[in-house]
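Beneath this line is the structure, given in C-alpha cells, with notes to follow.
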Amino acid sequence: MDGETPAIECRGIHRSFEHHVLFTDLNLSLPARQVTALVGASGCGKSSLLNLMNGLLLPDQGDIRVLGEPLDYERLPAMRRNMGYAVQQIGLMPHMTVERNITLLATLAGWSASACQTRLSTLLSLMALDPALTSRYPHQISGGQAQRVGLCRAMMLNPPILLLDEAFSAVDPITRVDVHARFQDLQREEPRTVVMVTHDMREAMKLADYLVVMGPGQILQTGAPGDIAAAPINEQVRQLMEVAQ
Amino acid sequence: MMRWILLLAGLVLGGQALAADITVGSKADREGHMLGELFAQTLEHAGFTVDRRFGLGQTIVSWQALKGGEIDVYPEYTGTMAQALFDMPGADIETLRREAERRGVRILKPLGFNNTYALTMKASEARAMGLETISDLATAPSLKLGLSHEFIEREDGWKGLSRAYNLPQVPVGIEHGIAYQAIVDNRIDMTDAYSTDGDLDRLDLMLLKDDRHYFPEYLAVPFVRATLPDKAVDALDQLAGSITDQRMQAMNAAVSADGAGFGQVAHDFLVKQGILEAGSEVAVSTPWSRLGHDLVRHLELTLSALLLAALVGLPLSLAVYRLPKLSRTVLYVAGLLQTIPSIALLALMIPLFGIGVFPAIVALFLYSLLPIVRAAITALLTVDPLLTRVARGMGLTRREQLRHVILPLAAPNLLTGLKTAAVINIGTATLAAFIGAGGLGDPIVTGLSLNNYELVLYGAIPAAMLAIVTELIFEMLERWLIPAHMRGQVATPDNRA
C-alpha cells in the first residue's frame, strides 16, 4: 500500500453476538481506489466485517474510519450515501420501476430530473442494460438484469466507495462473466474504492487488487493476490489460494 | 395532518352547534317515544325550540343524560324510579319527589295513566274459563304461561307474583316481541304485558285484574331538570291527568297498527285536549325526508371515528414495529376493547362523555382500533427484512425508509385493515342511536319500538348500501395506490417472473 490515507480503517474492533465472539482486536486498512476482496471460509465473518464498515453492524469496541473520518453513528444515512451497497439477494424494491429503483437516492438527495437522466443513461450503458427496461418492475426482468440494476443503484450517486456483498453470485456463470467484464470496465472508467465479499476465490483473484484472507473471527493475511499466492502465511491460506488456481 | 384534525373537530362540534332551548329525550320504546313527542309539541306550542333525542336505549341512558344535562326532560315511570333509579322500592310519589329534588331533578305532575305490569290472555278464552282476576289463575293450573325472560327473573316479576297469589303454573321464557303472536297462534295462553300496550285491544287480548294490588304503580310523569324554566313546567303541567290508560292504549295502537306517525298522533291528541288549536300545522317528518340527514350523520360518525383510529392506530403500530416488546401489550389491550359488546361500550361512554355524537365517536374509535392496529402491525412485520436492510444500507433516513419502502410495501395490508374497520364501523354506528347520536340507527330504533319493519329497513338498507359502497371505494383506492402486481399478495424478496 502506498502512503495515501487508507479508504477504510478498522482499529481494535471487538464485537460479539449472543455470547458468540465475532471479532477480537481486529485491525485492517484498505487502499483507496482499488478493489479489495474479503475471502475466507463461510461463517468466518466476511459479511459482518462489511456491515461494520457501513454501520449496519455496530462494534462493541474499537474505531472505524471511512476516508479518514471516524464513522459517525449519529449521521449514518449521510455517511452511507458515500458507500454504495449491493447484496447477493439484490433487494430491488418490488413496488418501484427499474428507473425509480436506480434513481431514488438521487431524487432524495435533490438531484434535478435531467441530472438523474444523464447519470441513469451512463450507468445503463456501462452495464449494457436496455433503456427500455427502465419502465419495468423488478419481477419483469431477468436475474442477471436485476443484478446489474442493483449495481447501477449502488453507483447512482457516484459514491467514492462501493460495498459489494456477494453481489455477483446470484447469476448464472455466463451472465457472471459478462457482469465481471462490465464491472472491470466501470472500474477503469470511474476508479473507486471497492470492498467485495466473495466466497468465489477465482472471482477474487480476477477482480481484486488487494486481498484480505480471513479465518474465523480474524484476519490471516493481507496483500496483493499474487504476493499471497506466492507466499501463503500458513496451510489454511495456502489451501484457499490453491482453489483459485 | 393539521387540516384533518381541524376537519374532524369541525365534524364533532358541528353536530352540537345548533343548540335548542329545550332538549326532549325518550327511551327506545314506543310509549316513551309517543310521550316524548307530546312533550315536544306542547313545549313548541309554548314558544320553545325543541331538540328531539328519542330512542335513548334503556332507562340508564336516559337517566344519565338527564343528570348530565344532555337532555332537559324525558318521560319516566314512578315505579322505575323507585326500583331502578333511587333504590327505594315501594316509595310513594311524594317520597320520590323529595329524593329527586335532592338529586337536582324534578318530577312533574303524573300524566294520568298507570303503565304497570300485567298478565294478558285472549279475551274469548278468559270468558270461556271464567277468568277475570289474577287470583282466578289458581283455579287454572294447566294454563301455558310464556313470560318474557326479564319478567321471570325479576324479584317484583313472576317470582313475587306467584308467591303473593300462590300460583301453581310453571312459566316458560319467550321473547316479548313474539309473545302476542304466540297467544294468537294458541302456542301459549298467557304472557306478561304493559297495561297500556297498544296491541292489546287490536288483538282482542284482555288484562287480568291485579286484585291484590301486587304490582307497584308505574305512573307516567315528565322527569325534568330542576333548572327547567317555569314557563316550560307550566306547559308540561297542562298534560297532567289528561292521559288515561285507554287514551294511552289508543295512541300506542294508532302509531303501531294504523301506521300514523308519532307527530300526527300527538298533534291530534293535543288538539282534542284543547292544548293546540285545531288546524295548526304539524311538522311531519317521513323516513324519506330524514334519510339524507340520517345518512350524513352516519357518515359523520363513521368517518370521524375511522380517521381518529387511523391517526392513533398507525403511529401506535409504527411504535410497536420499532419496539416489538410493546406489541403484545398493544394487541392485548386493543383485543380487549374489541371483546366489549358494542352496546355495552356505548353505554360505558355515557358517564364519561354524556350522550350524543361525541361519545358515539369515541366508542366507535375504540372499536376500530383493533382491526387497524392488527392489520398495520401484520403489514409492517411482513415487510421483507432484506428490503429494509438494503434501504438502510443505501443511506435512506428513517423517514425516507418509512415513506418510500415500508409504507408502500405495507399498503395492501394497511388498506385491508382500514376497510375492515370502516365496514365494522358502519354496522356498529347504527347502535349509536341508542345514546342519542342519531344516524341510520334512528329509523331502526324507532322501527323496532313500533314493530314496524318497514321503518327498520329505512335504516338497515342504506347502512348495508353504505357498507358496499365503502368496499368499492377501498377497492378503487387500492387500484389507484398499489401497482397491479402488488395487489392481494405479500411482497417477496425477489419475486421475478
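Chain labels A, B, ... are given in the sequence in which chains occur in the C-alpha cells; within each chain residues are numbered consecutively from 1, and ligands are likewise numbered from 1 in the order shown.
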Point to revise | Spatial neighbours of A:Glu190, max dist 10 Å, only C-alpha atoms, sep filter under 5 positions, as a ChimeraX atom specification | key: /A:33,158,160,184-185
Which of stretch 88-270 of chain B end up as helix (DSSP H, G or I) when DSSP is run on this backbone - answer as a short mmCIF file (atom, residue, chain, number, x, y, z; two decimals) with N, CA, C and O atoms, in the first residue's frame?
data_model
loop_
_atom_site.label_atom_id
_atom_site.label_comp_id
_atom_site.auth_asym_id
_atom_site.auth_seq_id
_atom_site.Cartn_x
_atom_site.Cartn_y
_atom_site.Cartn_z
N ILE B 93 -95.10 8.68 45.58
CA ILE B 93 -94.61 9.73 44.68
C ILE B 93 -94.03 10.92 45.44
O ILE B 93 -93.07 11.56 44.99
N GLU B 94 -94.57 11.20 46.63
CA GLU B 94 -94.05 12.34 47.41
C GLU B 94 -92.62 12.06 47.88
O GLU B 94 -91.75 12.93 47.83
N THR B 95 -92.39 10.83 48.33
CA THR B 95 -91.04 10.45 48.75
C THR B 95 -90.07 10.55 47.56
O THR B 95 -88.96 11.07 47.70
N LEU B 96 -90.54 10.08 46.42
CA LEU B 96 -89.70 10.12 45.22
C LEU B 96 -89.39 11.57 44.84
O LEU B 96 -88.28 11.90 44.44
N ARG B 97 -90.39 12.46 45.00
CA ARG B 97 -90.20 13.87 44.65
C ARG B 97 -89.07 14.47 45.47
O ARG B 97 -88.20 15.19 44.95
N ARG B 98 -89.09 14.17 46.79
CA ARG B 98 -88.05 14.74 47.66
C ARG B 98 -86.67 14.22 47.25
O ARG B 98 -85.70 14.97 47.18
N GLU B 99 -86.63 12.91 46.96
CA GLU B 99 -85.36 12.32 46.55
C GLU B 99 -84.87 12.95 45.24
O GLU B 99 -83.68 13.27 45.08
N ALA B 100 -85.80 13.16 44.32
CA ALA B 100 -85.44 13.75 43.03
C ALA B 100 -84.85 15.14 43.22
O ALA B 100 -83.82 15.49 42.63
N GLU B 101 -85.52 15.93 44.09
CA GLU B 101 -85.03 17.29 44.30
C GLU B 101 -83.63 17.29 44.89
O GLU B 101 -82.79 18.11 44.54
N ARG B 102 -83.40 16.31 45.78
CA ARG B 102 -82.07 16.18 46.38
C ARG B 102 -81.02 15.93 45.28
O ARG B 102 -79.85 16.29 45.44
N ALA B 123 -109.26 -12.61 25.21
CA ALA B 123 -110.48 -12.26 25.92
C ALA B 123 -111.49 -13.41 25.82
O ALA B 123 -112.16 -13.75 26.81
N SER B 124 -111.58 -14.03 24.64
CA SER B 124 -112.56 -15.10 24.45
C SER B 124 -112.26 -16.28 25.37
O SER B 124 -113.16 -16.84 26.01
N GLU B 125 -110.96 -16.62 25.45
CA GLU B 125 -110.58 -17.76 26.28
C GLU B 125 -110.84 -17.46 27.75
O GLU B 125 -111.30 -18.34 28.51
N ALA B 126 -110.55 -16.21 28.18
CA ALA B 126 -110.76 -15.83 29.56
C ALA B 126 -112.26 -15.94 29.93
O ALA B 126 -112.61 -16.45 31.00
N ARG B 127 -113.10 -15.47 29.01
CA ARG B 127 -114.55 -15.55 29.29
C ARG B 127 -114.97 -17.02 29.40
O ARG B 127 -115.67 -17.41 30.32
N ALA B 128 -114.46 -17.84 28.47
CA ALA B 128 -114.86 -19.25 28.48
C ALA B 128 -114.45 -19.94 29.77
O ALA B 128 -115.17 -20.80 30.29
N MET B 129 -113.26 -19.53 30.30
CA MET B 129 -112.78 -20.18 31.52
C MET B 129 -113.22 -19.44 32.77
O MET B 129 -112.91 -19.88 33.88
N SER B 135 -106.08 -13.69 40.87
CA SER B 135 -106.42 -14.72 41.85
C SER B 135 -107.09 -15.92 41.19
O SER B 135 -106.86 -17.07 41.57
N ASP B 136 -107.91 -15.63 40.14
CA ASP B 136 -108.62 -16.71 39.46
C ASP B 136 -107.66 -17.73 38.84
O ASP B 136 -108.04 -18.87 38.58
N LEU B 137 -106.42 -17.30 38.58
CA LEU B 137 -105.46 -18.19 37.90
C LEU B 137 -105.19 -19.46 38.71
O LEU B 137 -104.84 -20.49 38.14
N ALA B 138 -105.34 -19.36 40.02
CA ALA B 138 -105.08 -20.53 40.88
C ALA B 138 -106.00 -21.68 40.51
O ALA B 138 -105.66 -22.84 40.73
N THR B 139 -107.12 -21.34 39.87
CA THR B 139 -108.08 -22.40 39.52
C THR B 139 -107.78 -23.00 38.15
O THR B 139 -108.49 -23.90 37.71
N HIS B 149 -88.22 -13.06 29.53
CA HIS B 149 -87.13 -13.53 30.40
C HIS B 149 -86.93 -12.60 31.57
O HIS B 149 -86.72 -13.04 32.70
N GLU B 150 -87.01 -11.32 31.30
CA GLU B 150 -86.78 -10.34 32.37
C GLU B 150 -87.85 -10.48 33.44
O GLU B 150 -87.57 -10.45 34.64
N PHE B 151 -89.09 -10.69 33.02
CA PHE B 151 -90.20 -10.78 33.96
C PHE B 151 -90.04 -12.02 34.84
O PHE B 151 -90.31 -11.99 36.04
N ILE B 152 -89.59 -13.12 34.25
CA ILE B 152 -89.41 -14.35 35.04
C ILE B 152 -88.34 -14.13 36.11
O ILE B 152 -88.47 -14.56 37.25
N GLU B 153 -87.28 -13.42 35.74
CA GLU B 153 -86.14 -13.27 36.65
C GLU B 153 -86.37 -12.21 37.73
O GLU B 153 -85.83 -12.31 38.81
N GLU B 155 -87.39 -9.96 40.75
CA GLU B 155 -87.97 -10.26 42.06
C GLU B 155 -89.41 -9.72 42.12
O GLU B 155 -90.29 -10.36 42.69
N ASP B 156 -89.64 -8.55 41.50
CA ASP B 156 -91.00 -7.99 41.51
C ASP B 156 -91.81 -8.49 40.32
O ASP B 156 -92.88 -7.98 40.03
N GLY B 157 -91.28 -9.49 39.61
CA GLY B 157 -92.00 -10.08 38.48
C GLY B 157 -92.68 -11.38 38.91
O GLY B 157 -93.35 -11.43 39.95
N TRP B 158 -92.44 -12.43 38.13
CA TRP B 158 -93.13 -13.69 38.38
C TRP B 158 -92.82 -14.27 39.75
O TRP B 158 -93.71 -14.81 40.42
N LYS B 159 -91.57 -14.18 40.18
CA LYS B 159 -91.19 -14.78 41.48
C LYS B 159 -92.09 -14.30 42.60
O LYS B 159 -92.70 -15.09 43.33
N GLY B 160 -92.19 -12.95 42.74
CA GLY B 160 -93.01 -12.39 43.81
C GLY B 160 -94.48 -12.62 43.56
O GLY B 160 -95.25 -12.94 44.48
N LEU B 161 -94.86 -12.49 42.29
CA LEU B 161 -96.28 -12.62 41.94
C LEU B 161 -96.80 -14.01 42.28
O LEU B 161 -97.87 -14.16 42.88
N SER B 162 -96.06 -15.04 41.89
CA SER B 162 -96.54 -16.41 42.10
C SER B 162 -96.61 -16.71 43.59
O SER B 162 -97.49 -17.46 44.03
N ARG B 163 -95.70 -16.12 44.39
CA ARG B 163 -95.79 -16.30 45.85
C ARG B 163 -97.01 -15.58 46.40
O ARG B 163 -97.78 -16.15 47.17
N ALA B 164 -97.19 -14.32 45.97
CA ALA B 164 -98.27 -13.50 46.53
C ALA B 164 -99.64 -14.10 46.24
O ALA B 164 -100.54 -14.04 47.07
N TYR B 165 -99.77 -14.67 45.04
CA TYR B 165 -101.07 -15.22 44.66
C TYR B 165 -101.12 -16.74 44.79
O TYR B 165 -102.13 -17.36 44.48
N HIS B 176 -90.48 -11.11 24.25
CA HIS B 176 -91.72 -10.34 24.34
C HIS B 176 -92.26 -9.97 22.96
O HIS B 176 -93.46 -9.97 22.74
N GLY B 177 -91.34 -9.71 22.03
CA GLY B 177 -91.76 -9.27 20.71
C GLY B 177 -92.62 -10.29 19.96
O GLY B 177 -93.37 -9.91 19.06
N ILE B 178 -92.51 -11.57 20.32
CA ILE B 178 -93.29 -12.57 19.58
C ILE B 178 -94.37 -13.21 20.46
O ILE B 178 -95.10 -14.09 20.02
N ALA B 179 -94.48 -12.75 21.72
CA ALA B 179 -95.38 -13.40 22.67
C ALA B 179 -96.85 -13.27 22.25
O ALA B 179 -97.62 -14.23 22.33
N TYR B 180 -97.24 -12.07 21.78
CA TYR B 180 -98.65 -11.88 21.42
C TYR B 180 -99.03 -12.79 20.26
O TYR B 180 -100.10 -13.39 20.23
N GLN B 181 -98.13 -12.89 19.28
CA GLN B 181 -98.40 -13.76 18.14
C GLN B 181 -98.53 -15.21 18.61
O GLN B 181 -99.35 -15.96 18.10
N ALA B 182 -97.70 -15.58 19.60
CA ALA B 182 -97.75 -16.94 20.13
C ALA B 182 -99.12 -17.20 20.77
O ALA B 182 -99.65 -18.31 20.69
N ILE B 183 -99.70 -16.18 21.42
CA ILE B 183 -101.03 -16.35 22.00
C ILE B 183 -102.06 -16.50 20.87
O ILE B 183 -102.90 -17.41 20.90
N VAL B 184 -101.95 -15.62 19.87
CA VAL B 184 -102.89 -15.68 18.75
C VAL B 184 -102.83 -17.07 18.10
O VAL B 184 -103.85 -17.65 17.73
N ASP B 199 -101.19 -2.93 21.44
CA ASP B 199 -101.57 -4.12 20.67
C ASP B 199 -102.69 -4.90 21.34
O ASP B 199 -103.33 -5.74 20.70
N LEU B 200 -102.91 -4.65 22.64
CA LEU B 200 -103.85 -5.48 23.39
C LEU B 200 -105.24 -5.45 22.78
O LEU B 200 -105.85 -6.47 22.51
N ASP B 201 -105.71 -4.22 22.55
CA ASP B 201 -107.07 -4.06 22.05
C ASP B 201 -107.19 -4.64 20.65
O ASP B 201 -108.14 -5.35 20.33
N ARG B 202 -106.19 -4.35 19.83
CA ARG B 202 -106.20 -4.80 18.45
C ARG B 202 -106.28 -6.32 18.33
O ARG B 202 -106.97 -6.85 17.49
N ASP B 230 -89.81 27.91 34.50
CA ASP B 230 -91.18 27.76 35.00
C ASP B 230 -92.19 27.69 33.86
O ASP B 230 -93.16 26.96 33.92
N LYS B 231 -91.93 28.49 32.82
CA LYS B 231 -92.86 28.54 31.69
C LYS B 231 -92.97 27.15 31.04
O LYS B 231 -94.06 26.74 30.62
N ALA B 232 -91.85 26.45 30.98
CA ALA B 232 -91.86 25.11 30.39
C ALA B 232 -92.57 24.14 31.32
O ALA B 232 -93.33 23.26 30.87
N VAL B 233 -92.34 24.30 32.64
CA VAL B 233 -93.02 23.44 33.62
C VAL B 233 -94.53 23.64 33.50
O VAL B 233 -95.30 22.66 33.47
N ASP B 234 -94.95 24.89 33.41
CA ASP B 234 -96.38 25.17 33.27
C ASP B 234 -96.95 24.52 32.03
O ASP B 234 -98.05 23.95 32.06
N ALA B 235 -96.20 24.60 30.93
CA ALA B 235 -96.67 23.99 29.69
C ALA B 235 -96.87 22.50 29.86
O ALA B 235 -97.91 21.94 29.48
N LEU B 236 -95.89 21.83 30.46
CA LEU B 236 -95.99 20.38 30.63
C LEU B 236 -97.09 20.02 31.62
O LEU B 236 -97.73 18.97 31.47
N ASP B 237 -97.33 20.88 32.62
CA ASP B 237 -98.39 20.62 33.59
C ASP B 237 -99.77 20.59 32.93
O ASP B 237 -100.71 20.01 33.48
N ASP B 245 -105.47 5.42 30.91
CA ASP B 245 -104.97 4.15 30.38
C ASP B 245 -105.47 3.93 28.95
O ASP B 245 -104.70 3.56 28.06
N GLN B 246 -106.80 4.17 28.78
CA GLN B 246 -107.41 3.91 27.46
C GLN B 246 -106.82 4.83 26.39
O GLN B 246 -106.53 4.40 25.28
N ARG B 247 -106.65 6.10 26.75
CA ARG B 247 -106.11 7.05 25.76
C ARG B 247 -104.69 6.67 25.36
O ARG B 247 -104.30 6.78 24.20
N MET B 248 -103.92 6.27 26.38
CA MET B 248 -102.53 5.87 26.07
C MET B 248 -102.54 4.63 25.17
O MET B 248 -101.79 4.55 24.20
N GLN B 249 -103.38 3.65 25.54
CA GLN B 249 -103.51 2.45 24.71
C GLN B 249 -103.85 2.83 23.27
O GLN B 249 -103.28 2.30 22.32
N ALA B 250 -104.81 3.76 23.15
CA ALA B 250 -105.27 4.14 21.81
C ALA B 250 -104.14 4.81 21.02
O ALA B 250 -103.95 4.53 19.83
N MET B 251 -103.39 5.68 21.70
CA MET B 251 -102.29 6.34 20.98
C MET B 251 -101.22 5.32 20.58
O MET B 251 -100.71 5.35 19.46
N ASN B 252 -100.90 4.42 21.50
CA ASN B 252 -99.92 3.38 21.17
C ASN B 252 -100.39 2.55 19.99
O ASN B 252 -99.60 2.18 19.12
N ALA B 253 -101.70 2.24 20.00
CA ALA B 253 -102.24 1.43 18.91
C ALA B 253 -102.20 2.21 17.61
O ALA B 253 -101.88 1.66 16.56
N ALA B 254 -102.51 3.51 17.68
CA ALA B 254 -102.55 4.32 16.46
C ALA B 254 -101.20 4.34 15.76
O ALA B 254 -101.11 4.19 14.54
N VAL B 255 -100.12 4.48 16.53
CA VAL B 255 -98.81 4.54 15.87
C VAL B 255 -98.35 3.18 15.41
O VAL B 255 -97.57 3.09 14.47
N SER B 256 -98.78 2.10 16.07
CA SER B 256 -98.25 0.81 15.62
C SER B 256 -99.12 0.22 14.52
O SER B 256 -98.63 -0.12 13.46
N PHE B 262 -95.74 9.44 14.91
CA PHE B 262 -95.83 9.96 16.28
C PHE B 262 -96.30 11.41 16.26
O PHE B 262 -97.12 11.82 17.07
N GLY B 263 -95.76 12.17 15.32
CA GLY B 263 -96.08 13.60 15.26
C GLY B 263 -97.57 13.83 15.06
O GLY B 263 -98.19 14.65 15.73
N GLN B 264 -98.15 13.07 14.12
CA GLN B 264 -99.56 13.24 13.81
C GLN B 264 -100.44 12.83 14.99
O GLN B 264 -101.37 13.55 15.37
N VAL B 265 -100.13 11.67 15.60
CA VAL B 265 -100.94 11.17 16.72
C VAL B 265 -100.87 12.15 17.90
O VAL B 265 -101.89 12.48 18.52
N ALA B 266 -99.67 12.64 18.18
CA ALA B 266 -99.52 13.59 19.28
C ALA B 266 -100.30 14.87 19.00
O ALA B 266 -100.99 15.40 19.87
N HIS B 267 -100.21 15.32 17.76
CA HIS B 267 -100.91 16.54 17.37
C HIS B 267 -102.43 16.38 17.55
O HIS B 267 -103.09 17.22 18.16
N ASP B 268 -102.97 15.26 17.06
CA ASP B 268 -104.41 15.02 17.17
C ASP B 268 -104.84 15.01 18.63
O ASP B 268 -105.87 15.58 19.00
N PHE B 269 -104.05 14.36 19.47
CA PHE B 269 -104.39 14.28 20.89
C PHE B 269 -104.39 15.67 21.53
O PHE B 269 -105.31 16.04 22.25
N LEU B 270 -103.34 16.44 21.22
CA LEU B 270 -103.22 17.77 21.84
C LEU B 270 -104.32 18.70 21.37
O LEU B 270 -104.80 19.55 22.14
#
Revision key, fill the gap. Across B:Leu387, B:Leu308, B:Ile350, B:Val456, the smallest distance to B:Gln401, with only C-alpha atoms counted, is shown by B:Leu387
Practice item. Select residues of chain B: the criterion is any atom within 12 Å of an atom of chain A, counting only C-alpha atoms; output as an MDAnalysis selection string. Key: chainID B and resid 383:401 403:412 481:487 489:497
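When DSSP is run on the backbone, the residues of stretch 222-401 of chain B that fall into strand (DSSP E or B) are B:Pro222, B:Phe223, B:Val224, B:Arg225.
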Writing out the chosen residues with C-alpha atoms as a PDB file, in the first residue's frame:
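Produced file again14.pdb, reproduced below:
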ATOM      1  CA  PRO B 222     -92.429  14.272  32.984  1.00  0.00           C
ATOM      2  CA  PHE B 223     -88.995  13.842  34.575  1.00  0.00           C
ATOM      3  CA  VAL B 224     -87.170  17.160  34.222  1.00  0.00           C
ATOM      4  CA  ARG B 225     -84.047  19.003  35.248  1.00  0.00           C
TER       5      ARG B 225
END
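Using only C-alpha atoms, the residues found no farther than 8 Å from stretch 367-375 of chain B, other than those of its own chain fewer than 4 positions away, are Ala305, Leu306, Ala309, Ala310, Gly313, Leu314, Leu316, Ser317, Leu331, Ala334, Gly335, Leu337, Gln338, Ser342, Ala363, Ala379, Asn413, Leu414, Thr416, Gly417, Leu418, Thr420, Ala421, Ala422, Ile424 and Asn425 of chain B.
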Check your understanding: Hey, can you check how far atom CA of B:Leu228 sits from atom CA of B:Ile107?
Key -> 11.4 Å
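As for atom CA of B:Leu119 and atom CA of B:Ala193, they are spaced 5.8 Å apart.
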Check your understanding: What is the distance between atom CA of A:Val195 and atom CA of A:Ala37, in Å to one decimal?
Key -> 5.9 Å
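When only C-alpha atoms are used to compute distances to B:Ser304, the closest of the residues B:Val423, B:Glu277, B:Ile361, B:Leu205 turns out to be B:Ile361.
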Practice item. Show which residues sit within 12 Å of stretch 125-132 of chain A, as number ranges by chain. Count only C-alpha atoms, and ignore same-chain residues fewer than 3 positions away. Key: A: 97-99, 117-122, 135-137, 140-142, 144-153, 155-156, 175, 178-190
Go ahead and write the selection's residues with N, CA and C atoms as a short mmCIF file (atom, residue, chain, number, x, y, z; two decimals), in the first residue's frame.
data_model
loop_
_atom_site.label_atom_id
_atom_site.label_comp_id
_atom_site.auth_asym_id
_atom_site.auth_seq_id
_atom_site.Cartn_x
_atom_site.Cartn_y
_atom_site.Cartn_z
N THR A 97 -40.45 0.97 -10.28
CA THR A 97 -39.91 0.56 -11.58
C THR A 97 -38.39 0.50 -11.48
N VAL A 98 -37.78 -0.07 -12.48
CA VAL A 98 -36.32 -0.15 -12.53
C VAL A 98 -35.72 1.25 -12.42
N GLU A 99 -36.30 2.18 -13.16
CA GLU A 99 -35.76 3.55 -13.13
C GLU A 99 -35.84 4.14 -11.72
N GLN A 117 -31.40 11.71 -15.21
CA GLN A 117 -31.49 11.02 -16.50
C GLN A 117 -30.11 10.80 -17.11
N THR A 118 -29.26 11.82 -17.01
CA THR A 118 -27.92 11.70 -17.57
C THR A 118 -27.15 10.57 -16.89
N ARG A 119 -27.19 10.60 -15.55
CA ARG A 119 -26.45 9.59 -14.80
C ARG A 119 -27.03 8.20 -15.08
N LEU A 120 -28.37 8.14 -15.19
CA LEU A 120 -29.03 6.87 -15.45
C LEU A 120 -28.57 6.29 -16.78
N SER A 121 -28.53 7.12 -17.84
CA SER A 121 -28.12 6.55 -19.13
C SER A 121 -26.67 6.13 -19.11
N THR A 122 -25.82 6.90 -18.42
CA THR A 122 -24.42 6.49 -18.30
C THR A 122 -24.32 5.10 -17.68
N SER A 135 -38.79 1.11 -17.49
CA SER A 135 -40.18 1.28 -17.08
C SER A 135 -40.76 -0.02 -16.52
N ARG A 136 -39.95 -1.09 -16.49
CA ARG A 136 -40.47 -2.36 -15.98
C ARG A 136 -40.31 -2.44 -14.46
N TYR A 137 -41.07 -3.38 -13.89
CA TYR A 137 -40.92 -3.66 -12.46
C TYR A 137 -39.93 -4.81 -12.29
N GLN A 140 -40.35 -8.23 -13.68
CA GLN A 140 -40.46 -8.38 -15.13
C GLN A 140 -39.10 -8.47 -15.83
N ILE A 141 -38.01 -8.52 -15.06
CA ILE A 141 -36.70 -8.60 -15.69
C ILE A 141 -35.98 -9.86 -15.21
N SER A 142 -34.91 -10.24 -15.91
CA SER A 142 -34.22 -11.49 -15.57
C SER A 142 -33.29 -11.28 -14.38
N GLY A 144 -30.10 -11.81 -14.14
CA GLY A 144 -28.86 -11.13 -14.49
C GLY A 144 -29.08 -9.63 -14.65
N GLN A 145 -30.22 -9.28 -15.25
CA GLN A 145 -30.54 -7.86 -15.40
C GLN A 145 -30.74 -7.21 -14.03
N ALA A 146 -31.44 -7.94 -13.13
CA ALA A 146 -31.70 -7.40 -11.80
C ALA A 146 -30.39 -7.14 -11.07
N GLN A 147 -29.44 -8.08 -11.22
CA GLN A 147 -28.15 -7.92 -10.56
C GLN A 147 -27.47 -6.63 -11.01
N ARG A 148 -27.54 -6.39 -12.32
CA ARG A 148 -26.89 -5.19 -12.86
C ARG A 148 -27.64 -3.93 -12.45
N VAL A 149 -28.98 -4.05 -12.36
CA VAL A 149 -29.76 -2.90 -11.88
C VAL A 149 -29.36 -2.57 -10.44
N GLY A 150 -29.14 -3.63 -9.65
CA GLY A 150 -28.70 -3.44 -8.26
C GLY A 150 -27.38 -2.69 -8.20
N LEU A 151 -26.46 -3.04 -9.13
CA LEU A 151 -25.17 -2.35 -9.16
C LEU A 151 -25.34 -0.89 -9.59
N CYS A 152 -26.22 -0.66 -10.59
CA CYS A 152 -26.48 0.71 -11.02
C CYS A 152 -26.99 1.54 -9.84
N ARG A 153 -27.91 0.94 -9.06
CA ARG A 153 -28.47 1.64 -7.91
C ARG A 153 -27.35 2.02 -6.94
N MET A 155 -24.35 2.61 -7.55
CA MET A 155 -23.40 3.58 -8.07
C MET A 155 -24.04 4.89 -8.51
N MET A 156 -25.36 5.02 -8.30
CA MET A 156 -26.09 6.18 -8.82
C MET A 156 -25.46 7.49 -8.35
N THR A 175 -23.69 -15.24 -17.48
CA THR A 175 -24.01 -13.85 -17.15
C THR A 175 -22.93 -13.27 -16.24
N ASP A 178 -20.08 -11.88 -17.97
CA ASP A 178 -20.46 -10.60 -18.57
C ASP A 178 -20.46 -9.49 -17.52
N VAL A 179 -21.06 -9.77 -16.36
CA VAL A 179 -21.13 -8.74 -15.30
C VAL A 179 -19.72 -8.38 -14.82
N HIS A 180 -18.87 -9.40 -14.72
CA HIS A 180 -17.48 -9.12 -14.32
C HIS A 180 -16.84 -8.15 -15.29
N ALA A 181 -17.06 -8.43 -16.59
CA ALA A 181 -16.44 -7.57 -17.61
C ALA A 181 -16.94 -6.14 -17.47
N ARG A 182 -18.26 -6.01 -17.25
CA ARG A 182 -18.85 -4.68 -17.08
C ARG A 182 -18.23 -3.97 -15.88
N PHE A 183 -18.07 -4.77 -14.83
CA PHE A 183 -17.54 -4.20 -13.59
C PHE A 183 -16.12 -3.70 -13.81
N GLN A 184 -15.33 -4.49 -14.53
CA GLN A 184 -13.95 -4.07 -14.77
C GLN A 184 -13.89 -2.83 -15.66
N ASP A 185 -14.80 -2.78 -16.65
CA ASP A 185 -14.89 -1.57 -17.49
C ASP A 185 -15.15 -0.37 -16.61
N LEU A 186 -16.13 -0.54 -15.74
CA LEU A 186 -16.56 0.55 -14.89
C LEU A 186 -15.42 1.03 -14.01
N GLN A 187 -14.67 0.07 -13.47
CA GLN A 187 -13.58 0.41 -12.58
C GLN A 187 -12.50 1.18 -13.32
N ARG A 188 -12.36 0.88 -14.61
CA ARG A 188 -11.41 1.65 -15.41
C ARG A 188 -11.94 3.06 -15.66
N GLU A 189 -13.26 3.16 -15.97
CA GLU A 189 -13.88 4.46 -16.24
C GLU A 189 -13.94 5.34 -15.00
N GLU A 190 -14.44 4.76 -13.91
CA GLU A 190 -14.65 5.52 -12.67
C GLU A 190 -13.98 4.77 -11.53
#
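Counting only C-alpha atoms, A:Glu166 has the following residues at most 7 Å away, ignoring those fewer than 4 positions along the same chain: Val87, Gln88, Met196, Val197 and Thr198 of chain A.
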How would the residues just chosen look if you wrote them out with C-alpha atoms as a PDB file, in the first residue's frame?
ATOM      1  CA  VAL A  87     -26.050  -7.590  -1.908  1.00  0.00           C
ATOM      2  CA  GLN A  88     -26.415 -11.111  -3.258  1.00  0.00           C
ATOM      3  CA  MET A 196     -16.305  -7.026  -2.057  1.00  0.00           C
ATOM      4  CA  VAL A 197     -17.193 -10.088  -0.086  1.00  0.00           C
ATOM      5  CA  THR A 198     -16.988 -13.278  -2.102  1.00  0.00           C
TER       6      THR A 198
END
